[in-house]
$ cat query19.txt   # compact mmCIF, C-alpha atoms
# COMPACT_ATOMS: atom_id res chain seq x y z
CA MET M 121 40.79 -11.70 22.00
CA ALA M 122 37.70 -10.17 20.43
CA LEU M 123 34.58 -11.66 22.04
CA VAL M 124 31.22 -12.01 20.34
CA ASN M 125 28.02 -10.45 21.57
CA THR M 126 26.48 -13.76 22.61
CA HIS M 127 22.97 -12.34 22.45
CA PHE M 128 23.24 -12.49 18.65
CA LEU M 129 23.82 -16.22 18.95
CA ASN M 130 20.39 -16.55 20.55
CA LEU M 131 18.70 -15.43 17.35
CA GLU M 132 17.14 -18.04 15.14
CA ASN M 133 19.48 -18.91 12.28
CA ASN M 134 17.48 -17.22 9.55
CA TYR M 135 15.17 -14.26 9.22
CA LEU M 136 11.65 -15.38 8.23
CA PHE M 137 11.82 -14.03 4.71
CA ALA M 138 15.27 -15.53 4.18
CA ASP M 139 13.76 -18.93 5.03
CA ILE M 140 10.99 -18.35 2.52
CA ALA M 141 13.48 -17.37 -0.19
CA LYS M 142 15.55 -20.46 0.55
CA LYS M 143 12.55 -22.77 0.15
CA VAL M 144 11.37 -21.02 -3.01
CA ASN M 145 14.86 -21.19 -4.55
CA ALA M 146 15.05 -24.90 -3.74
CA PHE M 147 11.72 -25.41 -5.49
CA ARG M 148 12.94 -23.52 -8.56
CA VAL M 149 16.05 -25.68 -8.81
CA VAL M 150 13.91 -28.80 -9.00
CA HIS M 151 11.22 -27.14 -11.15
CA PRO M 152 13.16 -24.67 -13.36
CA LYS M 153 10.25 -24.14 -15.75
CA ALA M 154 7.72 -23.30 -13.06
CA ASP M 155 6.41 -19.71 -13.05
CA VAL M 156 6.23 -18.86 -9.36
CA ILE M 157 4.01 -15.96 -8.29
CA SER M 158 4.80 -14.43 -4.92
CA LEU M 159 2.03 -13.11 -2.72
CA GLY M 160 4.32 -13.43 0.27
CA ILE M 161 6.94 -10.75 0.89
CA GLY M 162 5.44 -7.28 1.27
CA ASP M 163 7.50 -5.47 -1.35
CA VAL M 164 5.73 -3.03 -3.65
CA THR M 165 5.69 -3.44 -7.43
CA ARG M 166 4.15 -0.26 -8.87
CA PRO M 167 6.60 2.36 -10.23
CA LEU M 168 7.21 5.62 -8.40
CA CYS M 169 4.63 8.26 -9.25
CA THR M 170 5.36 11.08 -11.69
CA ALA M 171 5.52 13.79 -9.01
CA VAL M 172 8.22 11.86 -7.17
CA ILE M 173 10.24 11.17 -10.32
CA GLU M 174 10.15 14.85 -11.30
CA ALA M 175 11.26 15.90 -7.80
CA MET M 176 14.15 13.45 -7.96
CA ARG M 177 15.16 14.76 -11.37
CA ARG M 178 15.21 18.35 -10.12
CA ALA M 179 17.12 17.37 -6.99
CA THR M 180 19.67 15.46 -9.04
CA GLU M 181 20.19 18.45 -11.32
CA GLU M 182 20.69 20.63 -8.24
CA MET M 183 23.36 18.24 -7.01
CA ALA M 184 25.18 18.69 -10.34
CA THR M 185 25.79 22.39 -9.66
CA GLU M 186 28.07 24.14 -7.21
CA GLN M 187 25.21 26.29 -5.93
CA GLY M 188 22.76 23.41 -5.51
CA PHE M 189 25.08 20.71 -4.27
CA HIS M 190 24.22 19.20 -0.88
CA GLY M 191 26.70 17.26 1.23
CA TYR M 192 25.93 16.09 4.74
CA GLY M 193 22.42 17.11 5.65
CA PRO M 194 20.94 17.65 9.11
CA GLU M 195 20.73 14.34 10.97
CA GLN M 196 17.09 14.94 11.88
CA GLY M 197 16.14 15.78 8.28
CA TYR M 198 15.63 18.84 6.12
CA ASP M 199 13.06 21.36 7.30
CA PHE M 200 11.24 21.38 3.96
CA LEU M 201 10.19 17.74 4.46
CA ARG M 202 9.52 18.03 8.19
CA GLU M 203 7.23 21.02 7.60
CA ALA M 204 5.36 19.10 4.91
CA ILE M 205 4.92 16.21 7.33
CA LEU M 206 3.58 18.44 10.11
CA LYS M 207 1.11 20.16 7.79
CA ASN M 208 -0.22 17.13 5.94
CA ASP M 209 0.11 14.15 8.26
CA PHE M 210 -0.71 15.76 11.59
CA ARG M 211 -2.18 19.28 11.54
CA SER M 212 -4.75 18.11 8.99
CA ARG M 213 -5.94 15.62 11.65
CA GLY M 214 -5.89 18.10 14.52
CA VAL M 215 -2.58 16.86 15.93
CA ARG M 216 -0.09 19.52 17.02
CA LEU M 217 3.61 18.68 16.95
CA ASP M 218 6.81 20.72 16.78
CA ILE M 219 9.29 20.43 13.94
CA ASP M 220 12.04 19.20 16.26
CA GLU M 221 9.85 16.25 17.22
CA ILE M 222 10.13 14.88 13.66
CA PHE M 223 13.18 12.78 12.73
CA ILE M 224 13.64 11.75 9.09
CA ASN M 225 15.10 8.26 8.64
CA ASP M 226 16.04 5.76 5.93
CA GLY M 227 12.95 3.64 6.58
CA ALA M 228 10.84 2.65 9.55
CA LYS M 229 12.52 -0.75 9.88
CA SER M 230 15.80 0.90 10.90
CA ASP M 231 14.28 3.08 13.59
CA THR M 232 11.96 0.44 15.05
CA GLY M 233 15.00 -1.79 15.39
CA ASN M 234 17.33 0.88 16.71
CA PHE M 235 15.08 2.79 19.10
CA GLN M 236 15.14 0.09 21.76
CA GLU M 237 18.85 0.77 22.39
CA LEU M 238 17.85 3.92 24.31
CA LEU M 239 16.23 1.73 26.95
CA HIS M 240 17.78 -0.29 29.78
CA TRP M 241 18.38 -3.92 28.92
CA ASP M 242 16.01 -5.34 31.55
CA ASN M 243 12.85 -3.50 30.55
CA PHE M 244 9.94 -5.94 30.24
CA ILE M 245 8.48 -5.74 26.73
CA GLY M 246 5.00 -6.62 25.53
CA VAL M 247 4.14 -7.47 21.94
CA THR M 248 1.00 -8.31 20.08
CA ASP M 249 1.23 -11.86 18.78
CA PRO M 250 1.66 -12.37 15.83
CA ILE M 251 4.03 -9.48 15.23
CA TYR M 252 6.60 -8.07 12.80
CA PRO M 253 9.78 -10.09 13.65
CA VAL M 254 12.12 -7.07 13.82
CA TYR M 255 10.57 -5.88 17.10
CA ILE M 256 11.57 -9.00 19.01
CA ASP M 257 14.81 -9.77 17.16
CA SER M 258 16.25 -6.32 17.84
CA ASN M 259 15.50 -6.77 21.55
CA VAL M 260 17.09 -10.22 21.52
CA MET M 261 20.27 -8.62 20.16
CA ILE M 262 20.62 -6.52 23.30
CA GLY M 263 19.72 -9.34 25.68
CA ARG M 264 16.31 -8.07 26.71
CA CYS M 265 14.17 -11.11 25.84
CA GLY M 266 15.50 -13.80 28.17
CA ASN M 267 15.64 -17.39 26.92
CA TYR M 268 13.84 -19.06 24.04
CA ARG M 269 11.65 -21.88 25.28
CA ASN M 270 8.61 -23.55 23.74
CA ASP M 271 8.56 -21.11 20.80
CA ARG M 272 8.53 -18.07 23.14
CA TRP M 273 10.99 -15.74 24.83
CA THR M 274 10.79 -15.89 28.61
CA ASN M 275 11.03 -12.12 29.17
CA VAL M 276 8.42 -11.12 26.60
CA ARG M 277 4.71 -10.71 27.29
CA TYR M 278 2.86 -12.11 24.29
CA MET M 279 -0.59 -10.59 23.75
CA PRO M 280 -2.47 -12.80 21.26
CA ILE M 281 -4.49 -11.29 18.43
CA THR M 282 -6.53 -14.05 16.87
CA ALA M 283 -9.98 -14.66 15.44
CA GLU M 284 -11.08 -15.84 18.87
CA ASN M 285 -10.58 -12.39 20.45
CA GLY M 286 -11.51 -10.38 17.36
CA PHE M 287 -7.84 -9.50 16.80
CA VAL M 288 -8.01 -7.05 19.72
CA PRO M 289 -5.16 -7.57 22.20
CA GLU M 290 -6.03 -7.66 25.89
CA LEU M 291 -4.29 -5.32 28.30
CA PRO M 292 -1.49 -7.07 30.22
CA LYS M 293 -2.42 -8.57 33.57
CA GLY M 294 -0.09 -9.23 36.46
CA ARG M 295 3.38 -7.80 36.09
CA PRO M 296 3.16 -4.41 34.28
CA VAL M 297 4.82 -4.12 30.90
CA ASP M 298 7.47 -1.40 30.50
CA VAL M 299 7.61 -1.15 26.69
CA ILE M 300 4.67 -1.97 24.41
CA TYR M 301 4.93 -2.60 20.67
CA LEU M 302 1.79 -1.84 18.68
CA CYS M 303 1.51 -1.96 14.89
CA TYR M 304 -1.74 -0.66 13.36
CA PRO M 305 -2.96 -1.27 10.76
CA ASN M 306 -1.43 -4.55 11.81
CA ASN M 307 1.27 -6.45 10.00
CA PRO M 308 0.66 -9.35 9.48
CA THR M 309 -3.07 -9.69 10.25
CA GLY M 310 -4.26 -6.60 8.33
CA THR M 311 -6.59 -5.71 11.20
CA VAL M 312 -7.06 -2.33 12.94
CA LEU M 313 -7.84 -0.79 16.33
CA THR M 314 -10.66 1.69 16.90
CA LYS M 315 -10.09 4.89 18.85
CA PRO M 316 -11.68 3.52 22.04
CA GLU M 317 -9.50 0.40 21.83
CA LEU M 318 -6.34 2.45 21.23
CA ARG M 319 -7.31 4.80 24.05
CA LYS M 320 -7.21 1.83 26.45
CA TRP M 321 -3.55 1.31 25.60
CA VAL M 322 -2.67 4.97 26.05
CA ASN M 323 -4.44 4.97 29.42
CA TYR M 324 -2.60 1.78 30.41
CA ALA M 325 0.75 3.33 29.48
CA LEU M 326 0.03 6.51 31.41
CA LYS M 327 -1.12 4.58 34.47
CA ASN M 328 1.85 2.18 34.47
CA ASP M 329 4.53 4.62 33.28
CA ALA M 330 5.05 2.48 30.17
CA LEU M 331 6.31 3.47 26.74
CA ILE M 332 4.37 2.66 23.56
CA LEU M 333 6.35 2.16 20.34
CA PHE M 334 3.65 2.62 17.70
CA ASP M 335 4.33 1.48 14.13
CA ALA M 336 1.96 3.25 11.72
CA ALA M 337 3.70 2.15 8.51
CA TYR M 338 0.38 1.20 6.87
CA GLN M 339 -1.79 4.11 8.00
CA ALA M 340 -2.25 5.36 4.42
CA TYR M 341 -4.29 2.25 3.64
CA ILE M 342 -7.00 2.97 6.21
CA ARG M 343 -10.40 3.33 4.53
CA ASP M 344 -12.66 3.57 7.57
CA PRO M 345 -12.85 7.23 8.69
CA GLN M 346 -13.39 6.14 12.30
CA ILE M 347 -10.01 4.41 12.53
CA PRO M 348 -7.14 6.59 13.84
CA HIS M 349 -4.13 7.14 11.56
CA SER M 350 -1.87 8.27 14.39
CA ILE M 351 -1.67 7.40 18.06
CA TYR M 352 -1.47 11.14 18.74
CA GLU M 353 -5.15 11.40 17.86
CA ILE M 354 -5.60 9.96 21.36
CA ARG M 355 -5.38 12.44 24.23
CA GLY M 356 -2.33 11.84 26.41
CA ALA M 357 -0.35 9.89 23.81
CA ARG M 358 2.24 12.69 23.53
CA LYS M 359 3.35 11.73 27.04
CA CYS M 360 3.83 8.01 26.45
CA ALA M 361 4.23 7.15 22.75
CA VAL M 362 6.77 7.25 19.94
CA GLU M 363 5.41 6.79 16.40
CA PHE M 364 7.14 5.34 13.34
CA ARG M 365 6.05 6.19 9.79
CA SER M 366 7.23 4.92 6.42
CA TYR M 367 7.03 5.94 2.78
CA SER M 368 7.91 2.41 1.67
CA LYS M 369 4.34 1.16 1.33
CA THR M 370 2.70 4.59 1.19
CA ALA M 371 4.57 5.81 -1.89
CA GLY M 372 6.57 2.82 -3.12
CA PHE M 373 9.83 3.86 -1.42
CA THR M 374 11.08 0.37 -0.54
CA GLY M 375 14.07 1.03 -2.79
CA MET M 376 14.31 4.75 -1.97
CA ARG M 377 14.63 4.39 1.82
CA CYS M 378 12.90 7.26 3.56
CA GLY M 379 10.49 7.57 6.46
CA TYR M 380 10.31 9.33 9.80
CA THR M 381 9.91 8.89 13.54
CA VAL M 382 7.98 11.16 15.90
CA VAL M 383 9.44 11.62 19.39
CA PRO M 384 7.39 14.16 21.39
CA LYS M 385 9.35 16.20 23.89
CA GLU M 386 6.89 15.19 26.61
CA VAL M 387 7.88 11.50 26.46
CA THR M 388 10.34 10.67 29.23
CA VAL M 389 11.98 7.60 30.73
CA ALA M 390 13.39 7.18 34.23
CA THR M 391 16.81 6.59 35.75
CA PHE M 392 17.17 4.29 38.78
CA GLU M 393 17.34 7.45 40.89
CA GLY M 394 13.97 8.61 39.56
CA GLU M 395 15.22 11.38 37.26
CA ARG M 396 13.09 11.82 34.12
CA ILE M 397 15.01 11.91 30.84
CA PRO M 398 13.34 13.21 27.65
CA LEU M 399 13.58 10.61 24.89
CA ASN M 400 13.63 13.37 22.28
CA GLN M 401 17.06 14.53 23.49
CA LEU M 402 18.42 10.98 23.68
CA TRP M 403 17.23 10.11 20.18
CA LEU M 404 18.70 13.31 18.75
CA ARG M 405 22.02 12.49 20.40
CA ARG M 406 21.90 8.93 19.10
CA GLN M 407 21.09 10.04 15.54
CA CYS M 408 23.83 12.66 15.50
CA THR M 409 26.33 9.97 16.51
CA LYS M 410 25.18 7.05 14.36
CA PHE M 411 23.20 8.45 11.44
CA ASN M 412 24.14 10.93 8.73
CA GLY M 413 20.59 11.46 7.52
CA ALA M 414 18.56 10.26 4.55
CA SER M 415 19.80 11.54 1.21
CA TYR M 416 18.80 14.95 -0.10
CA VAL M 417 17.35 13.38 -3.24
CA SER M 418 15.15 10.93 -1.31
CA GLN M 419 13.89 13.69 0.99
CA ARG M 420 12.96 15.89 -1.98
CA ALA M 421 11.20 12.85 -3.44
CA ALA M 422 9.27 12.38 -0.18
CA GLU M 423 8.33 16.04 -0.10
CA ALA M 424 6.74 15.64 -3.54
CA ILE M 425 4.13 13.18 -2.29
CA TYR M 426 2.60 16.04 -0.28
CA THR M 427 1.93 18.19 -3.36
CA GLU M 428 -1.56 18.09 -4.82
CA GLU M 429 -0.30 16.03 -7.77
CA GLY M 430 1.66 13.76 -5.49
CA LYS M 431 -1.27 13.14 -3.17
CA GLN M 432 -3.51 12.18 -6.07
CA GLN M 433 -0.93 9.92 -7.69
CA VAL M 434 0.00 8.18 -4.44
CA GLN M 435 -3.67 7.61 -3.65
CA GLU M 436 -4.14 6.02 -7.06
CA THR M 437 -1.36 3.54 -6.27
CA ILE M 438 -2.82 2.76 -2.84
CA ASP M 439 -6.24 2.24 -4.44
CA TYR M 440 -4.63 -0.11 -6.96
CA TYR M 441 -3.22 -2.32 -4.22
CA MET M 442 -6.42 -2.22 -2.20
CA GLN M 443 -8.34 -3.43 -5.25
CA ASN M 444 -6.04 -6.45 -5.17
CA ALA M 445 -6.73 -6.92 -1.46
CA LEU M 446 -10.50 -6.82 -1.88
CA ARG M 447 -10.34 -9.18 -4.85
CA MET M 448 -8.10 -11.63 -2.97
CA ARG M 449 -10.33 -11.73 0.08
CA SER M 450 -13.45 -12.12 -2.04
CA VAL M 451 -12.07 -15.07 -4.00
CA LEU M 452 -10.49 -16.81 -1.02
CA GLU M 453 -13.70 -16.54 0.99
CA ARG M 454 -15.71 -17.88 -1.96
CA LEU M 455 -13.39 -20.88 -1.96
CA GLY M 456 -14.28 -21.49 1.67
CA TYR M 457 -11.21 -20.03 3.38
CA GLU M 458 -11.55 -18.01 6.59
CA CYS M 459 -9.99 -14.59 5.93
CA TYR M 460 -9.33 -11.34 7.78
CA GLY M 461 -7.81 -7.97 6.88
CA GLY M 462 -7.72 -6.55 3.38
CA GLU M 463 -10.14 -3.73 4.22
CA ASN M 464 -7.86 -1.18 5.90
CA ALA M 465 -4.52 -2.77 5.09
CA PRO M 466 -2.86 -4.49 2.09
CA TYR M 467 -2.67 -7.87 3.84
CA ILE M 468 -4.99 -10.88 3.93
CA TRP M 469 -4.66 -13.11 6.99
CA MET M 470 -6.05 -16.54 6.21
CA ARG M 471 -6.63 -19.52 8.46
CA THR M 472 -5.12 -22.70 7.05
CA PRO M 473 -7.64 -25.45 6.26
CA ASP M 474 -7.99 -28.86 7.91
CA GLY M 475 -5.64 -28.09 10.76
CA MET M 476 -2.59 -27.74 8.51
CA SER M 477 0.42 -25.98 10.00
CA SER M 478 1.54 -22.70 8.45
CA TRP M 479 4.61 -24.24 6.79
CA GLN M 480 2.65 -27.27 5.58
CA PHE M 481 0.19 -25.01 3.80
CA PHE M 482 3.03 -22.86 2.45
CA GLU M 483 4.69 -25.87 0.84
CA ALA M 484 1.42 -27.37 -0.40
CA LEU M 485 0.50 -24.06 -2.08
CA LEU M 486 3.99 -23.64 -3.55
CA TYR M 487 4.14 -27.13 -5.02
CA GLY M 488 0.46 -27.37 -5.90
CA ALA M 489 -0.21 -23.91 -7.34
CA ASN M 490 3.27 -22.36 -7.65
CA VAL M 491 2.11 -19.48 -5.42
CA VAL M 492 4.05 -18.13 -2.43
CA CYS M 493 2.43 -16.98 0.81
CA THR M 494 4.00 -16.22 4.21
CA PRO M 495 3.65 -18.79 7.03
CA GLY M 496 1.95 -17.11 9.96
CA VAL M 497 4.01 -18.90 12.60
CA GLY M 498 6.99 -16.87 11.41
CA PHE M 499 5.34 -13.85 13.04
CA GLY M 500 4.92 -15.53 16.43
CA PRO M 501 3.31 -18.53 18.15
CA SER M 502 -0.25 -17.21 17.71
CA GLY M 503 0.38 -17.02 13.97
CA GLU M 504 0.43 -20.81 13.73
CA GLY M 505 -2.46 -22.03 11.63
CA TYR M 506 -2.54 -18.86 9.50
CA VAL M 507 -0.78 -17.56 6.39
CA ARG M 508 -0.40 -14.02 5.06
CA PHE M 509 -1.04 -12.88 1.51
CA THR M 510 0.07 -9.45 0.28
CA ALA M 511 -1.74 -7.22 -2.20
CA PHE M 512 1.39 -5.61 -3.65
CA GLY M 513 1.45 -7.47 -6.95
CA SER M 514 0.05 -6.40 -10.29
CA HIS M 515 -3.63 -6.94 -11.05
CA GLU M 516 -2.65 -9.48 -13.68
CA LYS M 517 -0.33 -11.54 -11.47
CA THR M 518 -2.75 -11.37 -8.56
CA GLU M 519 -5.59 -12.59 -10.74
CA GLU M 520 -3.48 -15.39 -12.15
CA ALA M 521 -2.42 -16.46 -8.66
CA LEU M 522 -6.05 -16.54 -7.54
CA GLU M 523 -7.02 -18.63 -10.54
CA ARG M 524 -4.27 -21.10 -9.66
CA ILE M 525 -5.41 -21.22 -6.02
CA ASP M 526 -8.99 -21.76 -7.19
CA LYS M 527 -7.98 -24.66 -9.43
CA TRP M 528 -5.71 -26.18 -6.77
CA THR M 529 -8.40 -25.86 -4.08
CA GLN M 530 -11.06 -27.43 -6.30
CA SER M 531 -8.74 -30.36 -7.05
CA HIS M 532 -8.65 -31.14 -3.34
$ encode --input "query19.txt" --output "structure tokens"
Amino acid sequence: MALVNTHFLNLENNYLFADIAKKVNAFRVVHPKADVISLGIGDVTRPLCTAVIEAMRRATEEMATEQGFHGYGPEQGYDFLREAILKNDFRSRGVRLDIDEIFINDGAKSDTGNFQELLHWDNFIGVTDPIYPVYIDSNVMIGRCGNYRNDRWTNVRYMPITAENGFVPELPKGRPVDVIYLCYPNNPTGTVLTKPELRKWVNYALKNDALILFDAAYQAYIRDPQIPHSIYEIRGARKCAVEFRSYSKTAGFTGMRCGYTVVPKEVTVATFEGERIPLNQLWLRRQCTKFNGASYVSQRAAEAIYTEEGKQQVQETIDYYMQNALRMRSVLERLGYECYGGENAPYIWMRTPDGMSSWQFFEALLYGANVVCTPGVGFGPSGEGYVRFTAFGSHEKTEEALERIDKWTQSH
């Protein structure tokens, strides 16, 4: 008989955002005339910029000709995009990488979930808490996280990031961590790490022979020039870190599906016999077996964001969302809520009032103001007592949602 991978059965029944959608749909059934505004799920709303649309049009026309048609592309991505990435995302910041260290993907979510399959099942992982759920769930699927007890996995080191510690995770004590997940700017808290703070993690990884999986999906939103955009701005990171990048939030590619992963050739992992294996070779082998590459059209579209026109247009969209973030934080703080983030990331992390749980506040806001937020506990145990708001709506909808929250708050 065919047997199930029982590790999948250890997952919670629903993904966080599926739970949110279920509750919102139930509300709409009972209140069909209610106009619900979502400030919860982090999907973008602005249209693709003109430079991207023009690049897609040209690429589509190429595909309509015998001379310009493209079938299977290289699994690691077309050189035209990888060269643009090296020049604009790294060399411009003094970071030197080789073209074969860049792997184009169909979005950072896929690679952050898939990369852990290169690693032995009993590696001990450490995660900041709260954290993007995919990091833990993908490790649960392979059996790496142990058992779920008291809202935690037994084989996961949770490193709290809360208001009490300034949202700066402490280095693990006791048993060393083998694999460390870091996401900065952070989803969901919207907070960042300075270079000295990030350097501590690189030094820890080098000292303990650990691997850092660094998610930089929101680096384009950094406003503070002192905050690093890439972990490779830290000396030694090429020996211990893999970095994931995305165009989803940078250029509105949530529906286009394109991003990339950086795997330096210096990063190695060990066999039980002590042999060092380069992760770059393993990831290339994995991609050639399981991935046929992002589409030619989407890669041409991504290339266009690195043109002068594309850079300007993408920055205008980022500025648009960050105006929402600043406005949201300003209004929420005026109403007496304790807020974080929104300065170098498109997320506001807000403490719930009066000791309310995350889900209690979610439902009170939905039914009282018809506004959707994301319960913080869905990102981990240290997220309890917080909710996340996203800045990816229109100015008009964001303003209307804030007016509703203002009225609802004043009525209480």
$ atom_distance --input "query19.txt" --atom1 "CA of Ser502 (chain M)" --atom2 "CA of Ile525 (chain M)"
24.6 Å
$ residues_near_point --input "query19.txt" --point "(-9.5, 1.5, 5.4)" --cutoff "12 Å" --atoms "all atoms listed in the file" --output "VMD selection string"
chain M and resid 304 to 306 310 to 314 338 to 349 438 to 439 442 to 443 445 to 446 461 to 467
$ atom_distance --input "query19.txt" --atom1 "CA of Arg202 (chain M)" --atom2 "CA of Ile219 (chain M)"
6.2 Å
$ atom_distance --input "query19.txt" --atom1 "CA of Ala330 (chain M)" --atom2 "CA of Leu402 (chain M)"
17.1 Å
$ closest_residue --input "query19.txt" --among "M:Leu129, M:Val417, M:Val382, M:Leu291" --to "Gly263 (chain M)" --atoms "only C-alpha atoms"
M:Leu129
$ residues_around --input "query19.txt" --residues "Phe147 (chain M)" --least-positions-apart "3" --cutoff "10 Å" --atoms "all atoms listed in the file" --output "VMD selection string"
chain M and resid 141 to 144 150 to 152 154 156 483 486 to 487 490
$ residues_around --input "query19.txt" --residues "Glu516 (chain M)" --least-positions-apart "5" --cutoff "12 Å" --atoms "all atoms listed in the file" --output "ChimeraX atom specification"
/M:157,440-441,443-444,447,511,521-523
$ write_last_selection --input "query19.txt" --atoms "C-alpha atoms" --output "PDB file, keeping the file's coordinate frame"
ATOM      1  CA  ILE M 157       4.010 -15.960  -8.290  1.00  0.00           C
ATOM      2  CA  TYR M 440      -4.630  -0.110  -6.960  1.00  0.00           C
ATOM      3  CA  TYR M 441      -3.220  -2.320  -4.220  1.00  0.00           C
ATOM      4  CA  GLN M 443      -8.340  -3.430  -5.250  1.00  0.00           C
ATOM      5  CA  ASN M 444      -6.040  -6.450  -5.170  1.00  0.00           C
ATOM      6  CA  ARG M 447     -10.340  -9.180  -4.850  1.00  0.00           C
ATOM      7  CA  ALA M 511      -1.740  -7.220  -2.200  1.00  0.00           C
ATOM      8  CA  ALA M 521      -2.420 -16.460  -8.660  1.00  0.00           C
ATOM      9  CA  LEU M 522      -6.050 -16.540  -7.540  1.00  0.00           C
ATOM     10  CA  GLU M 523      -7.020 -18.630 -10.540  1.00  0.00           C
TER      11      GLU M 523
END
$ residues_around --input "query19.txt" --residues "Val383 (chain M)" --least-positions-apart "5" --cutoff "8 Å" --atoms "all atoms listed in the file" --output "number ranges by chain"
M: 221-223, 361-363, 399-400, 403
$ write_last_selection --input "query19.txt" --atoms "C-alpha atoms" --output "PDB file, keeping the file's coordinate frame"
ATOM      1  CA  GLU M 221       9.850  16.250  17.220  1.00  0.00           C
ATOM      2  CA  ILE M 222      10.130  14.880  13.660  1.00  0.00           C
ATOM      3  CA  PHE M 223      13.180  12.780  12.730  1.00  0.00           C
ATOM      4  CA  ALA M 361       4.230   7.150  22.750  1.00  0.00           C
ATOM      5  CA  VAL M 362       6.770   7.250  19.940  1.00  0.00           C
ATOM      6  CA  GLU M 363       5.410   6.790  16.400  1.00  0.00           C
ATOM      7  CA  LEU M 399      13.580  10.610  24.890  1.00  0.00           C
ATOM      8  CA  ASN M 400      13.630  13.370  22.280  1.00  0.00           C
ATOM      9  CA  TRP M 403      17.230  10.110  20.180  1.00  0.00           C
TER      10      TRP M 403
END
$ residues_near_point --input "query19.txt" --point "(6.8, 1.5, -0.7)" --cutoff "12 Å" --atoms "only C-alpha atoms" --output "MDAnalysis selection string"
chainID M and resid 162:169 227:228 337:338 340:341 365:379 422 434 437:438 441 466 512
$ residues_around --input "query19.txt" --residues "Arg358 (chain M)" --least-positions-apart "5" --cutoff "7 Å" --atoms "only C-alpha atoms" --output "MDAnalysis selection string"
chainID M and resid 352 384 386:387
$ residues_around --input "query19.txt" --residues "region 494-498 of chain M" --least-positions-apart "3" --cutoff "8 Å" --atoms "all atoms listed in the file" --output "PyMOL selection string"
chain M and resi 136+140+159-161+250+253+308+478-479+481-482+501-509
$ closest_residue --input "query19.txt" --among "M:Glu423, M:Asp218, M:Glu203, M:Asp155" --to "Val492 (chain M)" --atoms "only C-alpha atoms"
M:Asp155
$ closest_residue --input "query19.txt" --among "M:Phe128, M:Thr170, M:Phe411, M:Leu123" --to "Gly430 (chain M)" --atoms "all atoms listed in the file"
M:Thr170
$ closest_residue --input "query19.txt" --among "M:Ile251, M:Met476, M:Leu131, M:Met448" --to "Glu519 (chain M)" --atoms "only C-alpha atoms"
M:Met448
$ closest_residue --input "query19.txt" --among "M:Thr232, M:Phe200, M:Thr409, M:Gly286" --to "Ile332 (chain M)" --atoms "all atoms listed in the file"
M:Thr232
$ closest_residue --input "query19.txt" --among "M:Ser477, M:Thr248, M:Leu238, M:Tyr324" --to "Thr388 (chain M)" --atoms "all atoms listed in the file"
M:Leu238
$ axis_aligned_box --input "query19.txt" --around "region 475-493 of chain M" --padding-each-side "5 Å" --output "lines of an AutoDock Vina configuration file"
center_x = -0.5
center_y = -22.5
center_z = 1.6
size_x = 20.3
size_y = 21.1
size_z = 28.4
$ decode --input "query19.txt" --residues "region 318-326 of chain M" --atoms "N, CA, C and O atoms" --output "compact mmCIF listing (two decimals), in the first residue's frame"
# COMPACT_ATOMS: atom_id res chain seq x y z
N LEU M 318 23.81 42.35 13.17
CA LEU M 318 23.87 41.27 12.19
C LEU M 318 25.25 40.60 12.21
O LEU M 318 25.37 39.38 12.03
N ARG M 319 26.27 41.41 12.47
CA ARG M 319 27.63 40.86 12.55
C ARG M 319 27.74 39.81 13.67
O ARG M 319 28.45 38.81 13.54
N LYS M 320 27.02 40.01 14.77
CA LYS M 320 27.04 39.04 15.86
C LYS M 320 26.55 37.67 15.39
O LYS M 320 27.08 36.63 15.80
N TRP M 321 25.55 37.68 14.51
CA TRP M 321 25.02 36.41 14.02
C TRP M 321 25.97 35.74 13.06
O TRP M 321 26.12 34.50 13.07
N VAL M 322 26.62 36.52 12.21
CA VAL M 322 27.62 35.95 11.31
C VAL M 322 28.76 35.35 12.12
O VAL M 322 29.22 34.24 11.85
N ASN M 323 29.22 36.07 13.12
CA ASN M 323 30.31 35.56 13.97
C ASN M 323 29.88 34.29 14.70
O ASN M 323 30.67 33.34 14.84
N TYR M 324 28.63 34.26 15.17
CA TYR M 324 28.13 33.06 15.84
C TYR M 324 28.13 31.88 14.88
O TYR M 324 28.54 30.75 15.24
N ALA M 325 27.66 32.10 13.65
CA ALA M 325 27.60 31.02 12.67
C ALA M 325 28.99 30.50 12.33
O ALA M 325 29.21 29.29 12.22
N LEU M 326 29.94 31.41 12.17
CA LEU M 326 31.30 31.00 11.85
C LEU M 326 31.92 30.21 13.01
O LEU M 326 32.59 29.20 12.81
